$ cat my_file_22.cif   # mmCIF, C-alpha atoms
data_final
loop_
_atom_site.label_atom_id
_atom_site.label_comp_id
_atom_site.auth_asym_id
_atom_site.auth_seq_id
_atom_site.Cartn_x
_atom_site.Cartn_y
_atom_site.Cartn_z
CA MET D 1 2.00 16.05 -19.93
CA ALA D 2 1.32 18.19 -16.92
CA GLU D 3 3.18 21.11 -15.50
CA SER D 4 4.15 20.76 -11.90
CA SER D 5 2.74 22.97 -9.20
CA PRO D 6 4.91 25.40 -7.24
CA ALA D 7 6.91 24.06 -4.32
CA ARG D 8 6.41 25.29 -0.80
CA ASP D 9 9.82 24.31 0.42
CA GLY D 10 12.95 22.63 -0.76
CA GLY D 11 12.96 19.42 1.26
CA ALA D 12 14.79 16.33 0.13
CA PHE D 13 13.32 14.85 -3.02
CA PRO D 14 11.99 11.37 -2.14
CA LEU D 15 13.62 9.41 -4.93
CA GLY D 16 12.04 6.15 -3.84
CA MET D 17 8.64 7.64 -4.61
CA VAL D 18 9.45 8.65 -8.17
CA SER D 19 12.07 6.23 -9.43
CA PRO D 20 11.10 4.27 -12.55
CA ARG D 21 13.33 1.51 -11.20
CA THR D 22 10.70 0.79 -8.56
CA LEU D 23 7.13 -0.34 -9.21
CA PHE D 24 4.54 -0.74 -6.48
CA LEU D 25 1.43 -2.64 -7.52
CA ILE D 26 -1.52 -3.08 -5.18
CA LEU D 27 -3.54 -5.83 -6.82
CA MET D 28 -7.18 -6.56 -6.06
CA PRO D 29 -7.87 -10.07 -7.45
CA THR D 30 -11.46 -9.78 -6.25
CA GLU D 31 -13.37 -7.08 -4.42
CA ARG D 32 -15.79 -9.56 -2.88
CA CYS D 33 -15.44 -10.62 0.74
CA GLN D 34 -17.01 -13.31 2.91
CA PHE D 35 -16.84 -10.97 5.94
CA ARG D 36 -19.16 -8.08 6.72
CA CYS D 37 -17.19 -6.06 9.26
CA THR D 38 -19.18 -3.22 10.78
CA TYR D 39 -16.56 -0.62 9.86
CA CYS D 40 -15.84 -1.76 6.30
CA TYR D 41 -16.01 0.94 3.63
CA GLU D 42 -16.05 -1.30 0.56
CA ASP D 43 -19.19 -2.18 -1.43
CA PHE D 44 -18.05 -5.59 -2.78
CA SER D 45 -19.56 -4.79 -6.18
CA LEU D 46 -16.64 -5.98 -8.31
CA GLY D 47 -15.93 -9.69 -8.53
CA ARG D 48 -12.97 -11.68 -9.77
CA MET D 49 -10.29 -10.10 -11.92
CA PRO D 50 -11.03 -11.33 -15.46
CA ALA D 51 -8.52 -12.87 -17.87
CA ASP D 52 -7.88 -9.71 -19.86
CA VAL D 53 -6.94 -7.73 -16.72
CA ARG D 54 -4.71 -10.56 -15.51
CA ALA D 55 -3.04 -10.57 -18.94
CA GLY D 56 -2.50 -6.82 -18.59
CA VAL D 57 -0.86 -7.19 -15.19
CA LYS D 58 1.49 -9.86 -16.50
CA ALA D 59 2.35 -7.88 -19.64
CA LEU D 60 3.08 -4.76 -17.59
CA MET D 61 5.32 -6.63 -15.17
CA ALA D 62 7.16 -8.36 -18.03
CA ARG D 63 7.78 -5.08 -19.87
CA ARG D 64 9.03 -3.30 -16.78
CA ALA D 65 11.06 -6.15 -15.24
CA PRO D 66 14.32 -5.63 -17.17
CA ASN D 67 14.62 -2.05 -15.87
CA LEU D 68 13.33 -2.58 -12.33
CA GLU D 69 15.30 -2.95 -9.13
CA LEU D 70 12.25 -3.47 -6.95
CA LEU D 71 8.83 -4.89 -7.79
CA ALA D 72 6.59 -4.71 -4.73
CA ILE D 73 3.23 -6.45 -4.96
CA GLU D 74 0.64 -5.93 -2.25
CA TRP D 75 -2.44 -8.15 -2.39
CA PHE D 76 -5.63 -6.49 -1.28
CA GLY D 77 -9.33 -6.78 -1.92
CA GLY D 78 -12.11 -7.58 -0.96
CA GLU D 79 -10.56 -10.69 0.47
CA PRO D 80 -7.70 -11.67 -1.85
CA LEU D 81 -7.74 -15.32 -0.80
CA LEU D 82 -11.26 -15.73 -2.21
CA ALA D 83 -9.36 -15.58 -5.50
CA CYS D 84 -6.23 -17.38 -4.38
CA ASP D 85 -5.88 -18.98 -7.82
CA ILE D 86 -5.43 -15.50 -9.28
CA VAL D 87 -2.96 -14.58 -6.54
CA GLU D 88 -0.91 -17.68 -7.29
CA GLU D 89 -1.11 -17.10 -11.05
CA LEU D 90 0.09 -13.48 -10.96
CA GLN D 91 2.48 -13.75 -8.02
CA GLY D 92 3.94 -16.93 -9.55
CA PHE D 93 4.49 -15.04 -12.80
CA ALA D 94 6.25 -12.23 -10.94
CA HIS D 95 8.36 -14.76 -9.06
CA ARG D 96 9.52 -16.34 -12.32
CA LEU D 97 10.34 -12.89 -13.72
CA ALA D 98 12.43 -12.09 -10.67
CA ARG D 99 14.34 -15.34 -10.99
CA ALA D 100 15.11 -14.52 -14.62
CA GLU D 101 16.25 -10.97 -13.82
CA PRO D 102 19.10 -11.08 -11.30
CA GLY D 103 18.88 -7.34 -10.61
CA LEU D 104 15.19 -7.45 -9.74
CA ARG D 105 14.06 -7.82 -6.16
CA LEU D 106 10.48 -9.00 -5.60
CA ARG D 107 8.53 -8.16 -2.46
CA GLY D 108 5.13 -9.69 -1.84
CA SER D 109 2.71 -8.82 0.90
CA MET D 110 -0.96 -9.33 1.59
CA THR D 111 -3.76 -7.79 3.60
CA THR D 112 -6.04 -10.72 4.38
CA ASN D 113 -8.67 -11.65 6.92
CA ALA D 114 -6.79 -14.99 7.16
CA ALA D 115 -9.91 -17.14 7.40
CA LEU D 116 -8.70 -19.08 4.35
CA LEU D 117 -4.98 -18.84 5.09
CA THR D 118 -4.43 -22.52 5.78
CA PRO D 119 -0.93 -23.86 6.42
CA ASP D 120 -0.71 -25.41 2.94
CA LEU D 121 -1.72 -22.18 1.24
CA MET D 122 0.62 -20.15 3.41
CA THR D 123 3.53 -22.39 2.38
CA ARG D 124 2.62 -22.05 -1.30
CA LEU D 125 2.39 -18.26 -1.03
CA VAL D 126 5.69 -17.95 0.82
CA ALA D 127 7.33 -20.07 -1.87
CA ILE D 128 6.39 -17.56 -4.57
CA GLY D 129 7.43 -14.53 -2.56
CA VAL D 130 4.43 -13.45 -0.48
CA ARG D 131 6.21 -13.13 2.82
CA SER D 132 4.35 -10.41 4.73
CA PHE D 133 0.77 -10.65 5.92
CA GLN D 134 -1.38 -8.07 7.67
CA ILE D 135 -4.18 -9.73 9.65
CA THR D 136 -6.68 -7.85 11.81
CA LEU D 137 -8.08 -8.82 15.18
CA ASP D 138 -10.75 -6.72 16.86
CA GLY D 139 -10.50 -7.92 20.41
CA PRO D 140 -11.06 -11.17 22.26
CA ALA D 141 -13.27 -13.68 20.43
CA GLU D 142 -16.54 -12.58 21.99
CA HIS D 143 -16.11 -8.96 20.91
CA HIS D 144 -14.39 -9.69 17.59
CA ASP D 145 -17.27 -11.91 16.53
CA LYS D 146 -19.76 -9.10 17.12
CA VAL D 147 -18.09 -6.69 14.73
CA ARG D 148 -16.60 -9.07 12.19
CA ARG D 149 -19.29 -11.48 11.14
CA LEU D 150 -19.52 -13.66 8.07
CA ALA D 151 -21.81 -12.38 5.32
CA GLY D 152 -24.03 -15.38 5.97
CA GLY D 153 -23.85 -14.96 9.74
CA GLY D 154 -21.51 -16.41 12.30
CA GLY D 155 -18.28 -15.38 13.93
CA THR D 156 -14.83 -15.31 12.38
CA PHE D 157 -12.35 -15.24 15.26
CA GLY D 158 -11.99 -19.01 15.50
CA SER D 159 -10.95 -19.56 11.89
CA ILE D 160 -8.46 -16.67 11.99
CA TRP D 161 -6.90 -17.76 15.28
CA ARG D 162 -6.68 -21.38 14.15
CA ASN D 163 -4.73 -20.34 11.04
CA LEU D 164 -2.48 -18.04 13.06
CA LEU D 165 -1.61 -20.87 15.42
CA ALA D 166 -0.90 -23.13 12.44
CA ALA D 167 1.38 -20.48 10.96
CA ARG D 168 3.17 -20.29 14.30
CA ARG D 169 3.86 -24.04 14.12
CA SER D 170 5.23 -23.87 10.56
CA SER D 171 8.86 -23.32 9.67
CA ASP D 172 8.04 -20.95 6.80
CA THR D 173 9.87 -17.64 6.56
CA PHE D 174 7.27 -14.88 6.81
CA GLU D 175 6.18 -11.94 8.90
CA ILE D 176 2.68 -11.46 10.24
CA VAL D 177 1.58 -8.04 11.38
CA LEU D 178 -1.39 -8.42 13.70
CA ARG D 179 -3.43 -5.26 13.26
CA ILE D 180 -5.11 -4.77 16.63
CA HIS D 181 -8.13 -2.55 16.28
CA VAL D 182 -9.01 -0.21 19.10
CA ASP D 183 -12.28 1.65 19.63
CA ARG D 184 -14.41 2.85 22.53
CA GLN D 185 -16.17 -0.49 22.88
CA ASN D 186 -13.19 -2.83 22.97
CA LEU D 187 -10.68 -0.63 24.78
CA GLY D 188 -11.39 -2.26 28.12
CA MET D 189 -10.88 -5.78 26.80
CA VAL D 190 -8.08 -5.41 24.30
CA ARG D 191 -5.49 -6.28 26.96
CA GLY D 192 -7.03 -9.74 27.09
CA LEU D 193 -6.36 -10.19 23.40
CA ILE D 194 -2.79 -8.96 23.81
CA ASP D 195 -2.28 -11.44 26.65
CA ASP D 196 -3.47 -14.19 24.30
CA CYS D 197 -1.08 -12.94 21.60
CA ARG D 198 1.77 -12.98 24.09
CA GLU D 199 0.95 -16.54 25.03
CA ALA D 200 0.62 -17.71 21.43
CA PHE D 201 3.21 -15.68 19.51
CA GLY D 202 5.35 -13.81 22.00
CA ASP D 203 8.46 -15.87 21.46
CA ASP D 204 8.17 -15.89 17.67
CA GLU D 205 9.92 -12.99 15.94
CA ARG D 206 7.80 -13.49 12.82
CA PHE D 207 4.83 -11.90 14.59
CA ARG D 208 4.39 -8.18 15.34
CA LEU D 209 1.51 -6.10 16.63
CA ALA D 210 0.21 -2.90 15.05
CA PRO D 211 -2.39 -1.16 17.21
CA LYS D 212 -4.69 0.87 14.97
CA ALA D 213 -7.82 2.91 15.43
CA VAL D 214 -11.16 1.87 14.03
CA ARG D 215 -11.97 4.78 11.74
CA LYS D 216 -14.86 6.11 9.73
CA LEU D 217 -13.66 5.40 6.22
CA GLY D 218 -16.89 5.86 4.31
CA GLY D 219 -18.80 2.70 5.21
CA ALA D 220 -22.57 2.42 5.58
CA GLN D 221 -22.38 2.16 9.37
CA ASP D 222 -19.94 5.01 9.95
CA ALA D 223 -22.42 7.04 12.01
CA ARG D 224 -22.74 4.24 14.57
CA LEU D 225 -19.06 3.34 14.92
CA PRO D 226 -17.71 3.85 18.46
CA VAL D 227 -14.51 5.47 17.27
CA LEU D 228 -11.96 7.11 19.50
CA ALA D 229 -10.63 10.49 18.49
CA GLY D 230 -8.15 13.15 19.45
CA ARG D 231 -6.20 12.74 22.66
CA SER D 232 -8.32 9.79 23.77
CA LEU D 233 -7.23 7.94 20.68
CA ASP D 234 -3.58 8.89 21.03
CA ARG D 235 -3.64 7.82 24.67
CA ALA D 236 -5.39 4.53 23.90
CA LEU D 237 -2.95 3.59 21.14
CA ALA D 238 0.01 4.52 23.31
CA GLU D 239 -1.31 2.43 26.19
CA VAL D 240 -1.92 -0.59 23.99
CA SER D 241 1.55 -0.28 22.48
CA GLU D 242 3.24 0.14 25.84
CA TYR D 243 1.36 -2.77 27.36
CA SER D 244 2.32 -4.98 24.40
CA GLU D 245 5.96 -3.98 24.57
CA ALA D 246 6.04 -4.55 28.32
CA LEU D 247 5.03 -8.13 27.58
CA GLY D 248 7.90 -8.46 25.13
CA LEU D 249 5.82 -8.24 21.97
CA ARG D 250 7.17 -6.44 18.93
CA VAL D 251 5.09 -3.38 18.05
CA ASP D 252 4.81 -1.28 14.89
CA ARG D 253 4.27 2.32 15.89
CA GLY D 254 3.17 3.40 12.41
CA PRO D 255 4.83 4.19 9.11
CA PHE D 256 5.67 7.80 9.90
CA GLU D 257 7.38 7.16 13.21
CA GLY D 258 10.42 5.24 14.32
CA PRO D 259 14.02 5.27 13.13
CA ARG D 260 13.18 4.92 9.41
CA PRO D 261 9.94 6.73 8.82
CA SER D 262 8.24 6.35 5.48
CA PRO D 263 8.52 9.49 3.33
CA GLY D 264 4.84 9.19 2.45
CA CYS D 265 1.81 7.08 1.72
CA TYR D 266 1.96 4.74 -1.26
CA ALA D 267 -0.86 6.80 -2.81
CA ALA D 268 1.46 9.80 -2.96
CA ALA D 269 4.16 7.93 -4.89
CA ALA D 270 4.52 8.42 -8.63
CA ASN D 271 5.47 4.77 -9.07
CA SER D 272 2.58 3.16 -7.18
CA PHE D 273 -0.72 1.98 -8.63
CA VAL D 274 -3.78 0.15 -7.39
CA VAL D 275 -5.08 -2.29 -10.02
CA ARG D 276 -8.74 -2.86 -9.29
CA SER D 277 -10.30 -6.14 -10.30
CA ASN D 278 -11.95 -4.53 -13.35
CA GLY D 279 -8.66 -3.09 -14.64
CA GLU D 280 -9.22 0.45 -13.43
CA LEU D 281 -6.16 2.11 -11.96
CA ALA D 282 -6.43 3.97 -8.67
CA LYS D 283 -4.06 5.52 -6.16
CA CYS D 284 -5.81 5.08 -2.83
CA THR D 285 -7.26 1.85 -1.43
CA VAL D 286 -9.80 3.69 0.71
CA ALA D 287 -11.30 6.38 -1.54
CA LEU D 288 -12.53 3.74 -3.96
CA ARG D 289 -15.74 5.54 -4.90
CA GLN D 290 -14.17 8.93 -5.58
CA SER D 291 -13.82 9.91 -9.24
CA LYS D 292 -10.51 11.63 -8.57
CA ASN D 293 -9.19 8.22 -7.53
CA ARG D 294 -9.99 6.74 -10.97
CA VAL D 295 -6.66 7.72 -12.49
CA GLY D 296 -6.54 5.41 -15.47
CA ARG D 297 -6.83 1.95 -16.92
CA LEU D 298 -4.60 -1.05 -17.50
CA HIS D 299 -5.08 -2.55 -20.95
CA ALA D 300 -4.77 -6.24 -21.78
CA ASP D 301 -1.47 -5.65 -23.59
CA GLY D 302 0.03 -4.09 -20.48
CA ARG D 303 -0.30 -0.50 -21.63
CA VAL D 304 -1.01 1.96 -18.85
CA GLU D 305 -3.37 4.80 -19.70
CA LEU D 306 -3.22 7.53 -17.06
CA ASP D 307 -4.85 10.88 -16.46
CA SER D 308 -1.77 13.00 -15.74
CA GLU D 309 -3.75 15.77 -14.06
CA LYS D 310 -5.27 13.34 -11.57
CA MET D 311 -1.93 11.64 -11.03
CA LEU D 312 -0.34 14.99 -10.35
CA HIS D 313 -2.98 15.70 -7.72
CA TRP D 314 -2.17 12.48 -5.85
CA THR D 315 1.58 12.94 -6.15
CA ARG D 316 1.60 16.66 -5.35
CA GLY D 317 3.34 16.13 -2.02
CA VAL D 318 6.40 14.72 -3.78
CA PHE D 319 6.89 18.06 -5.48
CA SER D 320 5.72 20.42 -2.77
CA GLY D 321 7.27 18.63 0.18
CA ASP D 322 4.02 19.25 2.08
CA PRO D 323 3.95 16.59 4.84
CA LYS D 324 0.16 16.43 4.85
CA ALA D 325 0.00 15.78 1.13
CA LEU D 326 2.71 13.15 1.46
CA ARG D 327 1.07 11.33 4.36
CA CYS D 328 -2.49 11.36 3.08
CA PRO D 329 -2.98 12.77 -0.42
CA ALA D 330 -6.66 11.82 -0.27
CA GLY D 331 -7.24 14.95 1.79
CA GLU D 332 -7.93 18.23 0.04
CA MET V 1 17.03 21.36 -5.64
CA ILE V 2 14.48 20.35 -8.21
CA GLN V 3 11.74 21.75 -5.98
CA ASP V 4 13.27 25.17 -6.47
CA ALA V 5 13.04 24.84 -10.23
CA MET V 6 9.39 23.93 -9.85
CA LYS V 7 8.65 27.34 -8.46
CA THR V 8 8.81 28.65 -12.02
CA SER V 9 5.92 27.70 -14.26
CA GLY V 10 7.02 25.57 -17.18
CA ALA V 11 10.47 24.87 -15.78
CA VAL V 12 9.57 21.30 -14.93
CA LYS V 13 7.13 18.93 -16.62
CA VAL V 14 6.11 15.51 -15.41
CA TYR V 15 4.78 12.67 -17.48
CA TRP V 16 3.80 9.02 -17.14
CA ASN V 17 4.52 6.91 -20.22
CA GLU V 18 2.57 3.88 -21.44
CA ASP V 19 4.54 1.59 -19.13
CA GLY V 20 3.51 3.70 -16.16
CA GLU V 21 7.07 5.00 -15.82
CA PHE V 22 7.37 8.45 -14.33
CA GLN V 23 9.39 10.96 -16.32
CA ILE V 24 10.59 14.38 -15.17
CA TRP V 25 11.60 16.94 -17.78
CA ILE V 26 13.54 20.06 -16.88
CA ARG V 27 13.90 23.10 -19.10
CA LYS V 28 17.52 23.46 -20.12
CA ASP V 29 17.92 26.92 -18.64
CA PHE V 30 17.05 25.46 -15.24
CA HIS V 31 19.68 22.73 -15.36
CA GLU V 32 21.61 24.24 -12.48
CA PHE V 33 18.80 23.21 -10.16
CA VAL V 34 19.50 19.57 -10.85
CA SER V 35 23.27 19.67 -10.90
CA ASN V 36 23.29 16.86 -8.35
CA ALA V 37 21.43 14.50 -10.72
CA ALA V 38 22.10 13.24 -14.21
CA VAL V 39 20.17 14.64 -17.13
CA ALA V 40 19.79 13.42 -20.69
CA PRO V 41 18.28 14.94 -23.83
CA VAL V 42 14.57 14.36 -24.18
CA ALA V 43 13.96 12.05 -27.11
CA GLN V 44 10.98 13.90 -28.57
CA PRO V 45 12.15 16.58 -31.05
CA ASP V 46 9.26 18.90 -30.22
CA HIS V 47 10.49 19.10 -26.63
CA GLU V 48 14.11 19.89 -27.35
CA ASP V 49 14.12 22.71 -24.79
CA TYR V 50 13.92 20.10 -22.03
CA TRP V 51 16.24 17.61 -20.49
CA SER V 52 15.07 14.40 -18.88
CA LEU V 53 15.99 13.82 -15.26
CA VAL V 54 17.71 10.51 -14.69
CA VAL V 55 16.88 9.43 -11.14
CA PRO V 56 20.20 8.62 -9.52
CA GLU V 57 20.94 5.51 -7.54
CA TYR V 58 19.17 5.50 -4.23
CA ASP V 59 18.92 3.24 -1.26
CA ALA V 60 16.39 0.60 -2.27
CA ASP V 61 15.47 0.24 1.39
CA GLU V 62 14.05 3.74 1.17
CA ALA V 63 11.57 2.45 -1.36
CA SER V 64 10.88 -0.63 0.72
CA VAL V 65 9.83 1.55 3.60
CA LEU V 66 6.93 2.77 1.50
CA MET V 67 5.02 -0.46 1.50
CA GLY V 68 4.57 -3.02 4.18
CA ALA V 69 5.02 -0.57 7.00
CA ASP V 70 1.38 0.41 6.65
CA ALA V 71 -0.35 -1.98 4.31
CA PRO V 72 -3.79 -1.04 3.08
CA PRO V 73 -6.29 -0.12 4.23
CA CYS V 74 -4.12 2.66 5.50
CA ASP V 75 -4.37 4.41 8.82
CA PRO V 76 -4.82 7.96 7.56
CA PRO V 77 -2.90 10.13 9.97
CA GLY V 78 -5.10 12.25 12.13
CA GLN V 79 -8.20 12.08 9.99
CA ASP V 80 -11.02 9.95 8.73
CA HIS V 81 -11.84 9.45 5.10
CA GLY V 82 -15.43 9.30 4.05
#

$ encode --input "my_file_22.cif" --output "structure tokens"
Amino acid sequence: MAESSPARDGGAFPLGMVSPRTLFLILMPTERCQFRCTYCYEDFSLGRMPADVRAGVKALMARRAPNLELLAIEWFGGEPLLACDIVEELQGFAHRLARAEPGLRLRGSMTTNAALLTPDLMTRLVAIGVRSFQITLDGPAEHHDKVRRLAGGGGTFGSIWRNLLAARRSSDTFEIVLRIHVDRQNLGMVRGLIDDCREAFGDDERFRLAPKAVRKLGGAQDARLPVLAGRSLDRALAEVSEYSEALGLRVDRGPFEGPRPSPGCYAAAANSFVVRSNGELAKCTVALRQSKNRVGRLHADGRVELDSEKMLHWTRGVFSGDPKALRCPAGE
Amino acid sequence: MIQDAMKTSGAVKVYWNEDGEFQIWIRKDFHEFVSNAAVAPVAQPDHEDYWSLVVPEYDADEASVLMGADAPPCDPPGQDHG
């Protein structure tokens, strides 16, 4: 039990971020990855989610399902498709729960490098409710392959692009958000990638572009990253978005803009949890090494053990209405 | 608004139960701050001074906006982590 902190203003209470009828789970079936992207902040130290953690996830979902209106599962890692058997096991379980509970809506999404997202696997994932995929490209092949190499060496653009083209040919119902990274090095060539995207996916409404900045998120090579900042960054993202839209591509401007802006980051929501592959519960998918982000543990019987003081820190924006705390509660 | 009640220490308590469900308890003498939402007695006898906030129906699309629009890793607005 924790007492709430004082409010700064009386803005609308974001019910979607506190309702017990909604549960957001960000599941990390493995924290290993076959890529070694120059800007990655993860340390890949945790492997596959063991059986007792998987049992805990299933028990939690089963206990909550009768009272839920929305169960949203986001697959993250590491590279989640390195443990696609776990994805299919847990997502399949959730899909069966949703079919048994008419009032429960299941949403599945995945952040994946897509190197293993073959057409057969894509079809199987879509069938159990994973319908939204975020896939990153870092420029045309020559540049992408310099910054996103396999752990054992070698480029990655070809495998990603091949699977994207295969997805384009399929009749599956999905959406793919192509996260287009922008930094000082690739800014001059990113239009070439967008031209390629226009050619390959421009007439397919299942594909959208999301221009994003390469950022220093705590990785070993942060000091050497050619990041854009300030007005240069704003200008670059605006130019990439405008160029894409001029070609007829659909563009995501970001979660806090547009006609239906998000009230806040998932990490600021009282009903959102990251389940790490070792069963630890976290709030933020970036601040993985910070102790304040270790907010609890999921037990094998589905019990959730939480540190209320830490949870209150992450969710403080819900109560204060402070836009900064809502948008990025990882900040002080 | 509930945020107004929160300006007084002890008027509002928050709690996550073993199912990870978020609970909001409001001291009875602050009930007027939540007149637009349902309240119910708190089950625990040692907290009989509090009522439990029952989150009213809301547009499920509002919740949907939370995830998917910016899937992890996030794009922290205007700052770097690290």

$ resolve_selection --input "my_file_22.cif" --expression "the PyMOL selection byres ((chain D and resi 103) around 9)" --output "MDAnalysis selection string"
chainID D and resid 66:70 98 101:102 104:105

$ resolve_selection --input "my_file_22.cif" --expression "the PyMOL selection byres ((chain V and resi 47) around 12)" --output "VMD selection string"
(chain D and resid 1) or (chain V and resid 10 12 to 13 25 to 28 41 to 46 48 to 52)

$ closest_residue --input "my_file_22.cif" --among "D:Thr30, D:Ser132, D:Thr156, D:Thr123" --to "Glu42 (chain D)" --atoms "only C-alpha atoms"
D:Thr30

$ residues_around --input "my_file_22.cif" --residues "Val14 (chain V)" --least-positions-apart "4" --cutoff "12 Å" --atoms "only C-alpha atoms" --output "number ranges by chain"
D: 1-5, 18, 270, 307-309, 311-313, 315-316, 318-319; V: 6, 10, 21-27, 50-53

$ atom_distance --input "my_file_22.cif" --atom1 "CA of Leu106 (chain D)" --atom2 "CA of Pro73 (chain V)"
21.4 Å

$ resolve_selection --input "my_file_22.cif" --expression "the PyMOL selection byres ((chain D and resi 289) around 10)" --output "PyMOL selection string"
(chain D and resi 41-43+218+285-288+290-294) or (chain V and resi 82)

$ atom_distance --input "my_file_22.cif" --atom1 "CA of Leu225 (chain D)" --atom2 "CA of Ala83 (chain D)"
29.5 Å

$ residues_around --input "my_file_22.cif" --residues "region 235-252 of chain D" --least-positions-apart "4" --cutoff "8 Å" --atoms "only C-alpha atoms" --output "PyMOL selection string"
(chain D and resi 182+187+190-191+194+198+202+205+207-213+231) or (chain V and resi 69)

$ write_last_selection --input "my_file_22.cif" --atoms "C-alpha atoms" --output "PDB file, keeping the file's coordinate frame"
ATOM      1  CA  VAL D 182      -9.010  -0.210  19.100  1.00  0.00           C
ATOM      2  CA  LEU D 187     -10.680  -0.630  24.780  1.00  0.00           C
ATOM      3  CA  VAL D 190      -8.080  -5.410  24.300  1.00  0.00           C
ATOM      4  CA  ARG D 191      -5.490  -6.280  26.960  1.00  0.00           C
ATOM      5  CA  ILE D 194      -2.790  -8.960  23.810  1.00  0.00           C
ATOM      6  CA  ARG D 198       1.770 -12.980  24.090  1.00  0.00           C
ATOM      7  CA  GLY D 202       5.350 -13.810  22.000  1.00  0.00           C
ATOM      8  CA  GLU D 205       9.920 -12.990  15.940  1.00  0.00           C
ATOM      9  CA  PHE D 207       4.830 -11.900  14.590  1.00  0.00           C
ATOM     10  CA  ARG D 208       4.390  -8.180  15.340  1.00  0.00           C
ATOM     11  CA  LEU D 209       1.510  -6.100  16.630  1.00  0.00           C
ATOM     12  CA  ALA D 210       0.210  -2.900  15.050  1.00  0.00           C
ATOM     13  CA  PRO D 211      -2.390  -1.160  17.210  1.00  0.00           C
ATOM     14  CA  LYS D 212      -4.690   0.870  14.970  1.00  0.00           C
ATOM     15  CA  ALA D 213      -7.820   2.910  15.430  1.00  0.00           C
ATOM     16  CA  ARG D 231      -6.200  12.740  22.660  1.00  0.00           C
TER      17      ARG D 231
ATOM     18  CA  ALA V  69       5.020  -0.570   7.000  1.00  0.00           C
TER      19      ALA V  69
END

$ atom_distance --input "my_file_22.cif" --atom1 "CA of Asp204 (chain D)" --atom2 "CA of Thr173 (chain D)"
11.4 Å

$ residues_around --input "my_file_22.cif" --residues "Leu25 (chain D)" --least-positions-apart "3" --cutoff "9 Å" --atoms "only C-alpha atoms" --output "list of chain:residue names"
D:Leu71, D:Ala72, D:Ile73, D:Glu74, D:Trp75, D:Asn271, D:Ser272, D:Phe273, D:Val274, D:Val275

$ residues_around --input "my_file_22.cif" --residues "Val147 (chain D)" --least-positions-apart "5" --cutoff "8 Å" --atoms "all atoms listed in the file" --output "JSON list (two decimals) with C-alpha atoms, in the frame of the given file"
[["chain", "number", "residue", "atom", "x", "y", "z"],
["D", 37, "CYS", "CA", -17.19, -6.06, 9.26],
["D", 38, "THR", "CA", -19.18, -3.22, 10.78],
["D", 39, "TYR", "CA", -16.56, -0.62, 9.86],
["D", 138, "ASP", "CA", -10.75, -6.72, 16.86]]

$ residues_around --input "my_file_22.cif" --residues "Arg64 (chain D)" --least-positions-apart "5" --cutoff "9 Å" --atoms "only C-alpha atoms" --output "tab-separated table (two decimals) with C-alpha atoms, in the frame of the given file"
chain	number	residue	atom	x	y	z
D	20	PRO	CA	11.10	4.27	-12.55
D	21	ARG	CA	13.33	1.51	-11.20
D	23	LEU	CA	7.13	-0.34	-9.21
D	59	ALA	CA	2.35	-7.88	-19.64
V	19	ASP	CA	4.54	1.59	-19.13
V	20	GLY	CA	3.51	3.70	-16.16
V	21	GLU	CA	7.07	5.00	-15.82

$ closest_residue --input "my_file_22.cif" --among "D:Leu165, D:Leu125, D:Ile135, D:Leu193" --to "chain V" --atoms "only C-alpha atoms"
D:Ile135

$ decode --input "my_file_22.cif" --residues "region 22-28 of chain V" --atoms "N, CA, C and O atoms" --output "short mmCIF file (atom, residue, chain, number, x, y, z; two decimals), in the first residue's frame"
data_model
loop_
_atom_site.label_atom_id
_atom_site.label_comp_id
_atom_site.auth_asym_id
_atom_site.auth_seq_id
_atom_site.Cartn_x
_atom_site.Cartn_y
_atom_site.Cartn_z
N PHE V 22 -4.78 -3.09 -10.36
CA PHE V 22 -4.57 -1.81 -9.69
C PHE V 22 -5.83 -1.41 -8.95
O PHE V 22 -6.92 -1.43 -9.50
N GLN V 23 -5.67 -1.08 -7.68
CA GLN V 23 -6.80 -0.65 -6.85
C GLN V 23 -6.57 0.78 -6.38
O GLN V 23 -5.44 1.15 -6.07
N ILE V 24 -7.62 1.55 -6.35
CA ILE V 24 -7.55 2.91 -5.81
C ILE V 24 -8.55 3.02 -4.66
O ILE V 24 -9.73 2.74 -4.85
N TRP V 25 -8.05 3.38 -3.50
CA TRP V 25 -8.92 3.57 -2.33
C TRP V 25 -8.99 5.04 -1.99
O TRP V 25 -7.98 5.73 -1.94
N ILE V 26 -10.22 5.48 -1.68
CA ILE V 26 -10.46 6.89 -1.37
C ILE V 26 -11.09 7.01 0.01
O ILE V 26 -12.07 6.30 0.31
N ARG V 27 -10.51 7.87 0.83
CA ARG V 27 -11.08 8.04 2.17
C ARG V 27 -12.51 8.56 2.05
O ARG V 27 -12.78 9.44 1.21
N LYS V 28 -13.37 8.04 2.89
CA LYS V 28 -14.80 8.33 2.74
C LYS V 28 -15.11 9.82 2.73
O LYS V 28 -15.99 10.28 1.99
#
